[in-house]
Amino acid sequence: MARVVVTPVKVGLFQTLSGDVTFVALNADGGAIPWDGKDVHAVILVKNSSADTARFLTIEGGNSEFGTDNHDFSVPFGKTKAISIESGFFKNVSGDDKGKVNIKGPATGYGDLSVAVIYLP
């Protein structure tokens, strides 16, 4: 199984309606976000549909010279949270995942997490 692709939605300048914001459920391999926007304009939205269990979302460290360790976020059950990141730490700059930020959920319950990405103008 391959990572699901979480395609960002771009919002236009003033008084414009964006395209549909689609939350994509993670699979066992996680998700890949094509990252080509400016960090200060990007928002990762994470929804936990579990009725009773918080789930961890992991943003995997990238392979740039600034790459870092994975970073975990606890998403409370039944909640949607927003995350901003510094892509230099998490974006892959070479290999099969070049240009992508990779994310994954927990070993069990990963399907409870769904993700959307919005690029603001």
# chains A, B, ... in the order shown; residues from 1 in each chain; ligands from 1
$ select_by_dssp --residues "region 40-111 of chain A" --states "alpha helix (DSSP H)" --output "ChimeraX atom specification"
/A:87-90
$ residues_around --residues "region 8-24 of chain A" --least-positions-apart "5" --cutoff "7 Å" --atoms "only C-alpha atoms" --output "list in words"
Ser114, Val115, Ala116, Val117, Ile118, Tyr119, Leu120 and Pro121 of chain A
$ write_last_selection --atoms "C-alpha atoms" --output "mmCIF file, in the first residue's frame"
data_model
loop_
_atom_site.group_PDB
_atom_site.id
_atom_site.type_symbol
_atom_site.label_atom_id
_atom_site.label_comp_id
_atom_site.auth_asym_id
_atom_site.auth_seq_id
_atom_site.Cartn_x
_atom_site.Cartn_y
_atom_site.Cartn_z
ATOM 1 C CA SER A 114 -7.967 12.591 8.187
ATOM 2 C CA VAL A 115 -5.945 15.498 6.872
ATOM 3 C CA ALA A 116 -6.483 18.529 4.647
ATOM 4 C CA VAL A 117 -4.014 21.256 3.658
ATOM 5 C CA ILE A 118 -4.824 24.860 2.811
ATOM 6 C CA TYR A 119 -2.477 27.375 1.185
ATOM 7 C CA LEU A 120 -3.488 30.950 1.981
ATOM 8 C CA PRO A 121 -2.632 33.818 -0.394
#
$ closest_residue --among "A:Ala25, A:Ile83, A:Val4, A:Val75" --to "Asp112 (chain A)" --atoms "only C-alpha atoms"
A:Ala25
$ closest_residue --among "A:Thr80, A:Thr7, A:Asn92, A:Thr68" --to "Leu113 (chain A)" --atoms "only C-alpha atoms"
A:Thr80
$ select_by_dssp --residues "chain A" --states "strand (DSSP E)" --output "number ranges by chain"
A: 4-5, 9-10, 24-25, 31-34, 42-48, 55-59, 71-75, 80-83, 100-104, 113-119
$ residues_around --residues "Gly109 (chain A)" --least-positions-apart "3" --cutoff "10 Å" --atoms "only C-alpha atoms" --output "PyMOL selection string"
chain A and resi 26-28+48-50+53-56+105-106+112-113
$ write_last_selection --atoms "C-alpha atoms" --output "PDB file, in the first residue's frame"
ATOM      1  CA  LEU A  26      -4.731   8.176   6.346  1.00  0.00           C
ATOM      2  CA  ASN A  27      -3.948   4.570   5.515  1.00  0.00           C
ATOM      3  CA  ALA A  28      -1.396   2.258   7.154  1.00  0.00           C
ATOM      4  CA  ASN A  48      -9.746  12.824  14.647  1.00  0.00           C
ATOM      5  CA  SER A  49     -13.052  11.013  14.125  1.00  0.00           C
ATOM      6  CA  SER A  50     -12.579   8.616  17.048  1.00  0.00           C
ATOM      7  CA  THR A  53      -9.452   8.032  21.813  1.00  0.00           C
ATOM      8  CA  ALA A  54      -6.852  10.705  21.148  1.00  0.00           C
ATOM      9  CA  ARG A  55      -4.629   9.801  18.175  1.00  0.00           C
ATOM     10  CA  PHE A  56      -1.086  10.855  17.340  1.00  0.00           C
ATOM     11  CA  GLY A 105      -0.974   8.066  12.090  1.00  0.00           C
ATOM     12  CA  PRO A 106      -0.602   5.506  14.877  1.00  0.00           C
ATOM     13  CA  ASP A 112      -9.501   7.826  12.530  1.00  0.00           C
ATOM     14  CA  LEU A 113      -7.216  10.611  11.314  1.00  0.00           C
TER      15      LEU A 113
END
